[in-house]
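File shown: target-v3.txt. Contents: compact mmCIF, C-alpha atoms.
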# COMPACT_ATOMS: atom_id res chain seq x y z
CA MET A 1 3.85 -17.34 32.73
CA ILE A 2 7.53 -16.74 33.47
CA PHE A 3 8.46 -18.28 30.12
CA SER A 4 6.06 -16.04 28.19
CA THR A 5 7.29 -12.93 29.99
CA LEU A 6 10.95 -13.76 29.41
CA GLU A 7 10.30 -14.56 25.75
CA HIS A 8 8.40 -11.31 25.33
CA ILE A 9 11.22 -9.27 26.90
CA LEU A 10 14.02 -10.91 24.86
CA THR A 11 12.07 -10.55 21.63
CA HIS A 12 11.42 -6.84 22.08
CA ILE A 13 14.96 -6.09 23.31
CA SER A 14 16.54 -7.75 20.28
CA PHE A 15 14.08 -6.07 17.92
CA SER A 16 14.81 -2.65 19.46
CA ILE A 17 18.58 -3.11 19.31
CA VAL A 18 18.48 -4.08 15.64
CA SER A 19 16.33 -1.02 14.91
CA ILE A 20 19.00 1.16 16.52
CA VAL A 21 21.73 -0.60 14.50
CA ILE A 22 19.87 0.15 11.25
CA THR A 23 19.50 3.79 12.30
CA ILE A 24 23.25 3.99 12.93
CA HIS A 25 23.97 2.64 9.46
CA LEU A 26 21.61 5.18 7.91
CA ILE A 27 23.53 7.93 9.73
CA THR A 28 26.87 6.62 8.45
CA LEU A 29 25.49 6.73 4.90
CA LEU A 30 24.72 10.44 5.25
CA VAL A 31 27.91 11.54 7.01
CA ASP A 32 31.52 10.43 6.95
CA GLU A 33 32.24 7.17 8.70
CA ILE A 34 32.62 7.53 12.43
CA VAL A 35 34.58 4.84 14.25
CA GLY A 36 32.49 5.15 17.38
CA LEU A 37 29.25 4.60 15.48
CA TYR A 38 30.69 1.60 13.66
CA ASP A 39 31.79 -0.02 16.92
CA SER A 40 28.37 0.67 18.44
CA SER A 41 26.60 -1.06 15.57
CA GLU A 42 28.89 -4.07 15.86
CA LYS A 43 28.26 -4.34 19.59
CA GLY A 44 24.55 -3.93 18.94
CA MET A 45 24.54 -6.96 16.62
CA ILE A 46 26.39 -8.97 19.26
CA ALA A 47 23.80 -7.99 21.87
CA THR A 48 21.06 -9.00 19.43
CA PHE A 49 22.73 -12.37 18.95
CA PHE A 50 22.75 -13.05 22.69
CA CYS A 51 19.12 -11.97 23.07
CA ILE A 52 17.93 -14.27 20.28
CA THR A 53 20.13 -17.06 21.66
CA GLY A 54 18.50 -16.62 25.05
CA LEU A 55 15.07 -16.74 23.40
CA LEU A 56 15.88 -20.01 21.59
CA VAL A 57 17.42 -21.60 24.69
CA THR A 58 14.40 -20.61 26.78
CA ARG A 59 11.99 -22.25 24.33
CA TRP A 60 14.26 -25.31 24.11
CA MET A 61 14.29 -25.75 27.89
CA TYR A 62 10.56 -25.12 28.25
CA PHE A 63 9.32 -27.38 25.44
CA GLY A 64 12.06 -30.00 25.65
CA HIS A 65 13.10 -29.96 21.97
CA LEU A 66 15.03 -27.77 19.58
CA PRO A 67 12.75 -24.81 18.66
CA LEU A 68 12.39 -25.65 14.96
CA SER A 69 9.01 -27.36 14.93
CA ASN A 70 7.00 -24.62 13.18
CA LEU A 71 7.35 -21.57 10.97
CA TYR A 72 7.53 -19.11 13.88
CA GLU A 73 10.47 -20.89 15.48
CA SER A 74 12.24 -21.31 12.14
CA PHE A 75 11.97 -17.57 11.48
CA ILE A 76 13.48 -16.83 14.89
CA PHE A 77 16.25 -19.32 14.13
CA LEU A 78 16.75 -17.63 10.75
CA SER A 79 17.22 -14.29 12.54
CA TRP A 80 19.77 -15.95 14.81
CA SER A 81 21.55 -17.35 11.73
CA PHE A 82 21.80 -13.88 10.16
CA SER A 83 23.39 -12.54 13.33
CA ILE A 84 25.87 -15.46 13.34
CA ILE A 85 26.92 -14.65 9.76
CA HIS A 86 27.55 -11.06 10.78
CA ILE A 87 29.54 -11.86 13.94
CA ILE A 88 32.01 -14.31 12.33
CA PRO A 89 34.00 -11.64 10.41
CA TYR A 90 33.86 -9.34 13.45
CA LEU A 91 35.45 -12.01 15.66
CA LYS A 92 38.24 -12.32 13.09
CA LYS A 93 38.92 -8.59 13.56
CA LYS A 94 38.07 -7.91 9.92
CA LYS A 95 36.10 -4.78 9.18
CA ASN A 96 33.05 -5.47 7.03
CA HIS A 97 29.79 -3.91 5.97
CA LEU A 98 27.69 -7.05 6.23
CA SER A 99 25.43 -5.45 8.83
CA VAL A 100 23.94 -3.33 6.03
CA ILE A 101 22.37 -6.61 4.90
CA THR A 102 22.25 -8.72 8.05
CA ALA A 103 20.65 -6.08 10.32
CA PRO A 104 17.62 -5.45 8.05
CA SER A 105 17.36 -9.22 7.50
CA VAL A 106 17.22 -9.83 11.25
CA ILE A 107 14.59 -7.16 11.82
CA PHE A 108 12.50 -8.36 8.87
CA THR A 109 12.48 -12.04 9.85
CA GLN A 110 11.96 -11.37 13.53
CA GLY A 111 9.30 -8.76 12.81
CA PHE A 112 7.40 -11.18 10.61
CA ALA A 113 7.74 -13.97 13.17
CA THR A 114 6.21 -11.81 15.91
CA SER A 115 3.49 -10.39 13.66
CA GLY A 116 -0.15 -11.39 13.83
CA LEU A 117 0.20 -13.72 10.82
CA LEU A 118 1.90 -16.38 12.92
CA THR A 119 -0.13 -15.95 16.10
CA GLU A 120 -1.75 -19.37 15.81
CA ILE A 121 1.58 -21.22 15.78
CA HIS A 122 3.40 -18.89 18.15
CA HIS A 123 3.18 -21.45 20.94
CA SER A 124 4.88 -24.76 20.28
CA ALA A 125 2.68 -27.85 20.43
CA ILE A 126 3.44 -31.53 20.90
CA LEU A 127 5.66 -32.74 18.09
CA VAL A 128 4.05 -34.88 15.43
CA PRO A 129 5.53 -38.41 15.24
CA ALA A 130 7.57 -37.54 12.13
CA LEU A 131 9.41 -34.81 14.06
CA GLN A 132 10.14 -36.90 17.14
CA SER A 133 13.61 -37.82 15.96
CA HIS A 134 17.21 -36.85 16.61
CA TRP A 135 17.37 -35.87 12.94
CA LEU A 136 15.29 -32.77 13.71
CA MET A 137 18.32 -30.88 15.00
CA MET A 138 20.62 -32.02 12.21
CA HIS A 139 18.35 -31.58 9.20
CA VAL A 140 16.30 -28.49 10.02
CA SER A 141 19.15 -26.52 11.57
CA MET A 142 21.37 -27.17 8.52
CA MET A 143 18.58 -26.13 6.14
CA VAL A 144 17.78 -22.88 7.96
CA LEU A 145 21.46 -21.99 8.33
CA SER A 146 21.92 -22.62 4.60
CA TYR A 147 18.92 -20.40 3.79
CA ALA A 148 20.44 -17.58 5.84
CA ALA A 149 23.85 -17.90 4.16
CA LEU A 150 22.39 -18.17 0.66
CA LEU A 151 20.08 -15.20 1.22
CA CYS A 152 22.97 -13.03 2.43
CA GLY A 153 25.14 -14.09 -0.50
CA SER A 154 22.32 -13.44 -2.95
CA LEU A 155 21.72 -9.95 -1.55
CA LEU A 156 25.43 -9.19 -1.89
CA SER A 157 25.29 -10.31 -5.53
CA LEU A 158 22.21 -8.17 -6.06
CA ALA A 159 24.06 -5.17 -4.62
CA LEU A 160 26.96 -5.94 -6.98
CA LEU A 161 24.59 -5.84 -9.96
CA VAL A 162 23.07 -2.52 -8.89
CA ILE A 163 26.47 -0.85 -8.40
CA THR A 164 27.83 -2.23 -11.69
CA PHE A 165 24.75 -1.13 -13.62
CA ARG A 166 24.88 2.39 -12.17
CA LYS A 167 28.60 2.67 -12.92
CA PHE A 168 28.08 1.72 -16.58
CA LEU A 169 25.22 4.17 -16.92
CA ARG A 170 27.29 7.01 -15.44
CA ILE A 171 30.32 6.34 -17.65
CA PHE A 172 28.16 5.89 -20.75
CA SER A 173 26.30 9.17 -20.19
CA LYS A 174 29.53 11.12 -19.58
CA SER A 175 31.18 9.62 -22.65
CA ASN A 176 28.21 10.54 -24.85
CA THR A 177 28.23 14.12 -23.54
CA LEU A 178 31.93 14.58 -24.23
CA VAL A 179 31.74 13.05 -27.72
CA ASN A 180 28.76 15.21 -28.71
CA GLN A 181 30.55 18.34 -27.56
CA SER A 182 33.71 17.43 -29.46
CA PHE A 183 31.92 17.10 -32.82
CA TYR A 184 29.93 20.29 -32.27
CA PHE A 185 32.96 22.64 -32.17
CA GLY A 186 34.78 21.38 -35.30
CA GLU A 187 37.99 19.49 -35.82
CA ILE A 188 40.33 21.84 -33.93
CA GLN A 189 38.01 21.92 -30.97
CA TYR A 190 37.54 18.18 -31.40
CA VAL A 191 41.27 17.57 -30.88
CA ASN A 192 41.26 19.76 -27.78
CA ASP A 193 38.22 18.00 -26.42
CA ARG A 194 39.83 14.65 -27.10
CA ASN A 195 42.62 15.68 -24.75
CA ASN A 196 39.97 16.75 -22.25
CA VAL A 197 38.32 13.38 -22.67
CA LEU A 198 41.58 11.67 -21.70
CA ARG A 199 41.98 13.87 -18.65
CA ASN A 200 38.35 13.36 -17.66
CA THR A 201 38.73 9.63 -18.18
CA SER A 202 41.65 9.57 -15.74
CA VAL A 203 39.53 11.50 -13.24
CA ILE A 204 36.64 9.08 -13.73
CA SER A 205 39.01 6.14 -13.28
CA SER A 206 40.34 7.52 -10.01
CA GLN A 207 36.79 8.19 -8.82
CA ASN A 208 35.69 4.69 -9.76
CA TYR A 209 38.65 3.00 -8.08
CA TYR A 210 36.76 2.77 -4.80
CA GLY A 211 33.72 1.49 -6.68
CA TYR A 212 35.85 -1.18 -8.34
CA GLN A 213 37.24 -2.26 -4.98
CA LEU A 214 33.73 -2.40 -3.55
CA ILE A 215 32.54 -4.57 -6.44
CA GLN A 216 35.47 -6.94 -5.95
CA GLN A 217 34.77 -7.13 -2.22
CA LEU A 218 31.08 -7.82 -2.80
CA ASP A 219 31.91 -10.55 -5.29
CA ARG A 220 34.43 -12.13 -2.91
CA TRP A 221 32.08 -12.03 0.10
CA SER A 222 29.16 -13.31 -1.96
CA TYR A 223 31.20 -16.25 -3.24
CA ARG A 224 32.42 -17.19 0.25
CA ILE A 225 29.01 -16.97 1.92
CA ILE A 226 27.19 -18.78 -0.90
CA SER A 227 29.84 -21.52 -0.88
CA LEU A 228 29.23 -22.00 2.85
CA GLY A 229 25.47 -21.98 2.32
CA PHE A 230 25.76 -24.52 -0.51
CA ILE A 231 27.70 -26.91 1.71
CA LEU A 232 25.13 -26.54 4.51
CA LEU A 233 22.29 -27.03 2.02
CA THR A 234 23.92 -30.21 0.70
CA VAL A 235 24.32 -31.58 4.23
CA GLY A 236 20.73 -30.61 5.03
CA ILE A 237 19.32 -32.34 1.96
CA LEU A 238 21.35 -35.51 2.56
CA SER A 239 20.38 -35.69 6.24
CA GLY A 240 16.76 -35.05 5.27
CA ALA A 241 16.90 -37.94 2.82
CA VAL A 242 18.15 -40.28 5.55
CA TRP A 243 15.46 -39.01 7.93
CA ALA A 244 12.78 -39.44 5.25
CA ASN A 245 13.82 -43.05 4.75
CA GLU A 246 13.43 -43.71 8.48
CA ALA A 247 10.10 -41.87 8.79
CA TRP A 248 8.39 -42.62 5.46
CA GLY A 249 10.36 -45.52 4.01
CA SER A 250 11.76 -43.61 1.04
CA TYR A 251 14.79 -41.38 0.57
CA TRP A 252 13.06 -39.05 -1.91
CA ASN A 253 9.33 -38.47 -2.50
CA TRP A 254 9.31 -35.38 -4.75
CA ASP A 255 7.39 -33.53 -2.09
CA PRO A 256 6.94 -29.79 -2.97
CA LYS A 257 9.50 -28.87 -0.30
CA GLU A 258 11.96 -31.48 -1.54
CA THR A 259 11.46 -30.45 -5.16
CA TRP A 260 12.13 -26.77 -4.49
CA ALA A 261 15.10 -27.64 -2.29
CA PHE A 262 16.54 -29.55 -5.24
CA ILE A 263 15.85 -26.57 -7.54
CA THR A 264 17.60 -24.28 -5.04
CA TRP A 265 20.58 -26.63 -4.90
CA THR A 266 20.76 -26.72 -8.71
CA VAL A 267 20.61 -22.92 -9.08
CA PHE A 268 23.49 -22.34 -6.69
CA ALA A 269 25.47 -25.22 -8.19
CA ILE A 270 25.21 -23.31 -11.48
CA TYR A 271 26.33 -20.15 -9.67
CA LEU A 272 29.44 -21.87 -8.30
CA HIS A 273 30.24 -23.32 -11.72
CA ILE A 274 30.00 -19.89 -13.37
CA ARG A 275 31.87 -18.16 -10.55
CA THR A 276 34.82 -20.55 -10.70
CA ASN A 277 35.04 -20.22 -14.51
CA LYS A 278 37.71 -17.59 -15.14
CA ASN A 279 36.41 -16.94 -18.67
CA LEU A 280 33.14 -15.52 -17.33
CA GLU A 281 32.71 -12.20 -15.54
CA SER A 282 31.43 -11.90 -11.99
CA VAL A 283 28.27 -10.19 -13.24
CA ASN A 284 27.10 -13.45 -14.84
CA SER A 285 27.31 -15.36 -11.58
CA ALA A 286 25.71 -12.44 -9.72
CA ILE A 287 22.68 -12.66 -12.02
CA VAL A 288 22.25 -16.36 -11.17
CA ALA A 289 22.63 -15.66 -7.44
CA SER A 290 20.03 -12.88 -7.67
CA MET A 291 17.60 -15.34 -9.24
CA GLY A 292 18.43 -17.74 -6.43
CA PHE A 293 17.22 -15.15 -3.89
CA LEU A 294 13.66 -15.59 -5.17
CA ILE A 295 14.02 -19.36 -5.41
CA ILE A 296 15.06 -19.59 -1.75
CA TRP A 297 12.00 -17.69 -0.55
CA ILE A 298 9.75 -19.94 -2.64
CA CYS A 299 11.41 -23.01 -1.14
CA TYR A 300 11.46 -21.74 2.44
CA PHE A 301 8.25 -19.75 2.70
CA GLY A 302 6.22 -20.03 -0.51
CA VAL A 303 5.76 -23.79 -0.28
CA ASN A 304 4.42 -23.37 3.27
CA LEU A 305 1.57 -21.24 1.92
CA LEU A 306 0.32 -24.26 -0.02
CA GLY A 307 -0.10 -26.35 3.14
CA ILE A 308 0.29 -29.59 1.18
CA GLY A 309 2.84 -32.37 1.07
CA LEU A 310 4.81 -34.23 3.68
CA HIS A 311 6.19 -30.97 5.10
CA SER A 312 2.78 -29.38 5.68
CA TYR A 313 3.28 -29.46 9.48
CA GLY A 314 5.36 -26.29 9.13
CA SER A 315 2.71 -24.37 7.20
CA PHE A 316 0.22 -21.80 8.38
CA THR A 317 -3.04 -20.28 7.19
CA LEU A 318 -3.70 -16.60 6.85
CA THR A 319 -6.20 -15.42 9.44
CA SER A 320 -9.16 -13.34 8.39
CA ASN A 321 -11.29 -10.97 10.40
Go ahead and express the file in the form of structure tokens.
Amino acid sequence: MIFSTLEHILTHISFSIVSIVITIHLITLLVDEIVGLYDSSEKGMIATFFCITGLLVTRWMYFGHLPLSNLYESFIFLSWSFSIIHIIPYLKKKKNHLSVITAPSVIFTQGFATSGLLTEIHHSAILVPALQSHWLMMHVSMMVLSYAALLCGSLLSLALLVITFRKFLRIFSKSNTLVNQSFYFGEIQYVNDRNNVLRNTSVISSQNYYGYQLIQQLDRWSYRIISLGFILLTVGILSGAVWANEAWGSYWNWDPKETWAFITWTVFAIYLHIRTNKNLESVNSAIVASMGFLIIWICYFGVNLLGIGLHSYGSFTLTSN
């Protein structure tokens, strides 16, 4: 009874704080940046981190094992991972805008975990024999942490694509307007308008300087976070292979979960190859990372909908009235 009450309180407190953080960020988008609001949102994410940490520790102490035995617990751990990714730059005293992505990610994952879809597996049960191993902490935690990092990096790449596409559209439309006007007024007017084009181009360049810096920052952050996620994913897959050999007598069984984990690893290996190639633009790698966003969700959540394979213990069935 005490456990359920404490879990209920921590869940709703963290959910409420993240909702306030998102509201603060919406306000900062409409008005000029206010230092006080920015600091409040950062402190709000830290408070959310401690609330989710308390929730995980409470379940760990009550059930006697790391709370990663079902989809509900993994979603809560995923929310905790998003908050970790956000706090790391803050602790380094580096200003960042990651909370624009991490805060909605936390509220989405935690909101889904506490929704009615996962009611049946909300309460942890006795671990199946395959999960009664010290590899549970190593393998599952590494995989969920890698999912969080890769999802954040993919969203940053997706934001890079959107900003780049809008910038090209804006410049292209302005250039077409100026060229059409220059031909309409004859050669003398054309020469004058060509001078105007140069002046307008300089204005556009100065206006897009901040956009260029933002694109570079998104590309840099995406590369760093995805690199971290790729390392964690590699460690998770290798530890899972060792665990599979102990539990099932084989390192690799081409289980649906294993297959999609390998596909995910391959996609982000391609991303890193393209990103480190100086002859290719950052947009190319961002496209691959954006595709990886969908692949991760198929690997993490989509496979669980099937309810088949050696990893079916983490699945759930949709309830019907």
Might you pull out every residue within 8 Å of region 284-289 of chain A, with all atoms listed in the file counted and same-chain residues fewer than 2 positions away left off, and present them as a list of chain:residue names?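 Once the adjacent positions are removed, what remains is A:Gly153, A:Ser154, A:Ser157, A:Leu158, A:Leu160, A:Leu161, A:Asp219, A:Val267, A:Phe268, A:Ile270, A:Tyr271, A:Leu272, A:Ile274, A:Arg275, A:Leu280, A:Glu281, A:Ser282, A:Met291, A:Gly292, A:Phe293.
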Selected residues written out, C-alpha atoms, as a short mmCIF file (atom, residue, chain, number, x, y, z; two decimals), in the coordinates of the input:
data_model
loop_
_atom_site.label_atom_id
_atom_site.label_comp_id
_atom_site.auth_asym_id
_atom_site.auth_seq_id
_atom_site.Cartn_x
_atom_site.Cartn_y
_atom_site.Cartn_z
CA GLY A 153 25.14 -14.09 -0.50
CA SER A 154 22.32 -13.44 -2.95
CA SER A 157 25.29 -10.31 -5.53
CA LEU A 158 22.21 -8.17 -6.06
CA LEU A 160 26.96 -5.94 -6.98
CA LEU A 161 24.59 -5.84 -9.96
CA ASP A 219 31.91 -10.55 -5.29
CA VAL A 267 20.61 -22.92 -9.08
CA PHE A 268 23.49 -22.34 -6.69
CA ILE A 270 25.21 -23.31 -11.48
CA TYR A 271 26.33 -20.15 -9.67
CA LEU A 272 29.44 -21.87 -8.30
CA ILE A 274 30.00 -19.89 -13.37
CA ARG A 275 31.87 -18.16 -10.55
CA LEU A 280 33.14 -15.52 -17.33
CA GLU A 281 32.71 -12.20 -15.54
CA SER A 282 31.43 -11.90 -11.99
CA MET A 291 17.60 -15.34 -9.24
CA GLY A 292 18.43 -17.74 -6.43
CA PHE A 293 17.22 -15.15 -3.89
#
CA of Thr23 (chain A) sits from CA of Val57 (chain A) at a separation of 28.3 Å
Using Å and a single decimal, report how far CA of Gly236 (chain A) sits from CA of Met142 (chain A). 4.9 Å
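The interatomic distance for the pair CA of Leu156 (chain A) and CA of Ile215 (chain A) works out to 9.6 Å.
Neighbouring residues of Phe108 (chain A) at 12 Å or closer, counting all atoms listed in the file and skipping chain neighbours under 2 positions away, are A:Phe15, A:Val18, A:Ser19, A:Ile22, A:Phe75, A:Ile76, A:Leu78, A:Ser79, A:Phe82, A:Ile101, A:Thr102, A:Ala103, A:Pro104, A:Ser105, A:Val106, A:Gln110, A:Gly111, A:Phe112, A:Ala113, A:Thr114, A:Ser115.
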With C-alpha atoms retained, could you export that selection as a PDB file, in the frame of the given file?
ATOM      1  CA  PHE A  15      14.080  -6.070  17.920  1.00  0.00           C
ATOM      2  CA  VAL A  18      18.480  -4.080  15.640  1.00  0.00           C
ATOM      3  CA  SER A  19      16.330  -1.020  14.910  1.00  0.00           C
ATOM      4  CA  ILE A  22      19.870   0.150  11.250  1.00  0.00           C
ATOM      5  CA  PHE A  75      11.970 -17.570  11.480  1.00  0.00           C
ATOM      6  CA  ILE A  76      13.480 -16.830  14.890  1.00  0.00           C
ATOM      7  CA  LEU A  78      16.750 -17.630  10.750  1.00  0.00           C
ATOM      8  CA  SER A  79      17.220 -14.290  12.540  1.00  0.00           C
ATOM      9  CA  PHE A  82      21.800 -13.880  10.160  1.00  0.00           C
ATOM     10  CA  ILE A 101      22.370  -6.610   4.900  1.00  0.00           C
ATOM     11  CA  THR A 102      22.250  -8.720   8.050  1.00  0.00           C
ATOM     12  CA  ALA A 103      20.650  -6.080  10.320  1.00  0.00           C
ATOM     13  CA  PRO A 104      17.620  -5.450   8.050  1.00  0.00           C
ATOM     14  CA  SER A 105      17.360  -9.220   7.500  1.00  0.00           C
ATOM     15  CA  VAL A 106      17.220  -9.830  11.250  1.00  0.00           C
ATOM     16  CA  GLN A 110      11.960 -11.370  13.530  1.00  0.00           C
ATOM     17  CA  GLY A 111       9.300  -8.760  12.810  1.00  0.00           C
ATOM     18  CA  PHE A 112       7.400 -11.180  10.610  1.00  0.00           C
ATOM     19  CA  ALA A 113       7.740 -13.970  13.170  1.00  0.00           C
ATOM     20  CA  THR A 114       6.210 -11.810  15.910  1.00  0.00           C
ATOM     21  CA  SER A 115       3.490 -10.390  13.660  1.00  0.00           C
TER      22      SER A 115
END
My structure is short of atoms at region 295-304 of chain A; please model all heavy atoms there, returning them as a PDB file, in the coordinates of the input.
ATOM      1  N   ILE A 295      14.220 -17.921  -5.519  1.00  0.00           N
ATOM      2  CA  ILE A 295      14.020 -19.360  -5.410  1.00  0.00           C
ATOM      3  C   ILE A 295      14.054 -19.808  -3.943  1.00  0.00           C
ATOM      4  O   ILE A 295      13.263 -20.660  -3.519  1.00  0.00           O
ATOM      5  CB  ILE A 295      15.094 -20.111  -6.216  1.00  0.00           C
ATOM      6  CG1 ILE A 295      15.028 -19.731  -7.699  1.00  0.00           C
ATOM      7  CG2 ILE A 295      14.937 -21.614  -6.058  1.00  0.00           C
ATOM      8  CD1 ILE A 295      13.728 -20.088  -8.370  1.00  0.00           C
ATOM      9  N   ILE A 296      14.967 -19.220  -3.164  1.00  0.00           N
ATOM     10  CA  ILE A 296      15.060 -19.590  -1.750  1.00  0.00           C
ATOM     11  C   ILE A 296      13.775 -19.275  -1.010  1.00  0.00           C
ATOM     12  O   ILE A 296      13.267 -20.085  -0.222  1.00  0.00           O
ATOM     13  CB  ILE A 296      16.246 -18.863  -1.076  1.00  0.00           C
ATOM     14  CG1 ILE A 296      17.563 -19.288  -1.700  1.00  0.00           C
ATOM     15  CG2 ILE A 296      16.288 -19.175   0.421  1.00  0.00           C
ATOM     16  CD1 ILE A 296      18.738 -18.433  -1.270  1.00  0.00           C
ATOM     17  N   TRP A 297      13.226 -18.078  -1.243  1.00  0.00           N
ATOM     18  CA  TRP A 297      12.000 -17.690  -0.550  1.00  0.00           C
ATOM     19  C   TRP A 297      10.822 -18.571  -0.956  1.00  0.00           C
ATOM     20  O   TRP A 297       9.937 -18.860  -0.139  1.00  0.00           O
ATOM     21  CB  TRP A 297      11.685 -16.223  -0.796  1.00  0.00           C
ATOM     22  CG  TRP A 297      12.464 -15.301   0.084  1.00  0.00           C
ATOM     23  CD1 TRP A 297      13.411 -14.399  -0.288  1.00  0.00           C
ATOM     24  CD2 TRP A 297      12.374 -15.211   1.514  1.00  0.00           C
ATOM     25  NE1 TRP A 297      13.920 -13.754   0.808  1.00  0.00           N
ATOM     26  CE2 TRP A 297      13.303 -14.216   1.924  1.00  0.00           C
ATOM     27  CE3 TRP A 297      11.608 -15.862   2.479  1.00  0.00           C
ATOM     28  CZ2 TRP A 297      13.473 -13.875   3.265  1.00  0.00           C
ATOM     29  CZ3 TRP A 297      11.786 -15.516   3.815  1.00  0.00           C
ATOM     30  CH2 TRP A 297      12.701 -14.544   4.187  1.00  0.00           C
ATOM     31  N   ILE A 298      10.803 -19.009  -2.217  1.00  0.00           N
ATOM     32  CA  ILE A 298       9.750 -19.940  -2.640  1.00  0.00           C
ATOM     33  C   ILE A 298       9.905 -21.263  -1.908  1.00  0.00           C
ATOM     34  O   ILE A 298       8.926 -21.849  -1.422  1.00  0.00           O
ATOM     35  CB  ILE A 298       9.800 -20.152  -4.166  1.00  0.00           C
ATOM     36  CG1 ILE A 298       9.457 -18.850  -4.896  1.00  0.00           C
ATOM     37  CG2 ILE A 298       8.826 -21.255  -4.592  1.00  0.00           C
ATOM     38  CD1 ILE A 298       9.586 -18.939  -6.405  1.00  0.00           C
ATOM     39  N   CYS A 299      11.152 -21.730  -1.813  1.00  0.00           N
ATOM     40  CA  CYS A 299      11.410 -23.010  -1.140  1.00  0.00           C
ATOM     41  C   CYS A 299      11.114 -22.923   0.350  1.00  0.00           C
ATOM     42  O   CYS A 299      10.474 -23.822   0.919  1.00  0.00           O
ATOM     43  CB  CYS A 299      12.865 -23.413  -1.384  1.00  0.00           C
ATOM     44  SG  CYS A 299      13.385 -24.911  -0.528  1.00  0.00           S
ATOM     45  N   TYR A 300      11.578 -21.850   0.979  1.00  0.00           N
ATOM     46  CA  TYR A 300      11.460 -21.740   2.440  1.00  0.00           C
ATOM     47  C   TYR A 300      10.063 -21.325   2.888  1.00  0.00           C
ATOM     48  O   TYR A 300       9.501 -21.909   3.821  1.00  0.00           O
ATOM     49  CB  TYR A 300      12.500 -20.744   2.949  1.00  0.00           C
ATOM     50  CG  TYR A 300      12.377 -20.439   4.428  1.00  0.00           C
ATOM     51  CD1 TYR A 300      12.519 -21.444   5.379  1.00  0.00           C
ATOM     52  CD2 TYR A 300      12.115 -19.145   4.868  1.00  0.00           C
ATOM     53  CE1 TYR A 300      12.397 -21.169   6.727  1.00  0.00           C
ATOM     54  CE2 TYR A 300      12.000 -18.867   6.216  1.00  0.00           C
ATOM     55  CZ  TYR A 300      12.147 -19.885   7.143  1.00  0.00           C
ATOM     56  OH  TYR A 300      12.026 -19.599   8.473  1.00  0.00           O
ATOM     57  N   PHE A 301       9.502 -20.338   2.219  1.00  0.00           N
ATOM     58  CA  PHE A 301       8.250 -19.750   2.700  1.00  0.00           C
ATOM     59  C   PHE A 301       7.077 -20.004   1.751  1.00  0.00           C
ATOM     60  O   PHE A 301       5.967 -20.282   2.198  1.00  0.00           O
ATOM     61  CB  PHE A 301       8.439 -18.247   2.898  1.00  0.00           C
ATOM     62  CG  PHE A 301       7.234 -17.558   3.465  1.00  0.00           C
ATOM     63  CD1 PHE A 301       6.808 -17.805   4.758  1.00  0.00           C
ATOM     64  CD2 PHE A 301       6.508 -16.661   2.694  1.00  0.00           C
ATOM     65  CE1 PHE A 301       5.691 -17.172   5.278  1.00  0.00           C
ATOM     66  CE2 PHE A 301       5.397 -16.024   3.206  1.00  0.00           C
ATOM     67  CZ  PHE A 301       4.979 -16.271   4.501  1.00  0.00           C
ATOM     68  N   GLY A 302       7.317 -19.893   0.451  1.00  0.00           N
ATOM     69  CA  GLY A 302       6.220 -20.030  -0.510  1.00  0.00           C
ATOM     70  C   GLY A 302       5.545 -21.381  -0.464  1.00  0.00           C
ATOM     71  O   GLY A 302       4.312 -21.472  -0.545  1.00  0.00           O
ATOM     72  N   VAL A 303       6.331 -22.439  -0.327  1.00  0.00           N
ATOM     73  CA  VAL A 303       5.760 -23.790  -0.280  1.00  0.00           C
ATOM     74  C   VAL A 303       4.869 -23.949   0.951  1.00  0.00           C
ATOM     75  O   VAL A 303       3.860 -24.665   0.920  1.00  0.00           O
ATOM     76  CB  VAL A 303       6.888 -24.841  -0.283  1.00  0.00           C
ATOM     77  CG1 VAL A 303       6.327 -26.239  -0.085  1.00  0.00           C
ATOM     78  CG2 VAL A 303       7.666 -24.765  -1.588  1.00  0.00           C
ATOM     79  N   ASN A 304       5.223 -23.269   2.052  1.00  0.00           N
ATOM     80  CA  ASN A 304       4.420 -23.370   3.270  1.00  0.00           C
ATOM     81  C   ASN A 304       3.031 -22.773   3.100  1.00  0.00           C
ATOM     82  O   ASN A 304       2.099 -23.131   3.834  1.00  0.00           O
ATOM     83  CB  ASN A 304       5.134 -22.668   4.431  1.00  0.00           C
ATOM     84  CG  ASN A 304       6.399 -23.390   4.850  1.00  0.00           C
ATOM     85  OD1 ASN A 304       7.434 -23.211   4.229  1.00  0.00           O
ATOM     86  ND2 ASN A 304       6.310 -24.222   5.871  1.00  0.00           N
TER      87      ASN A 304
END
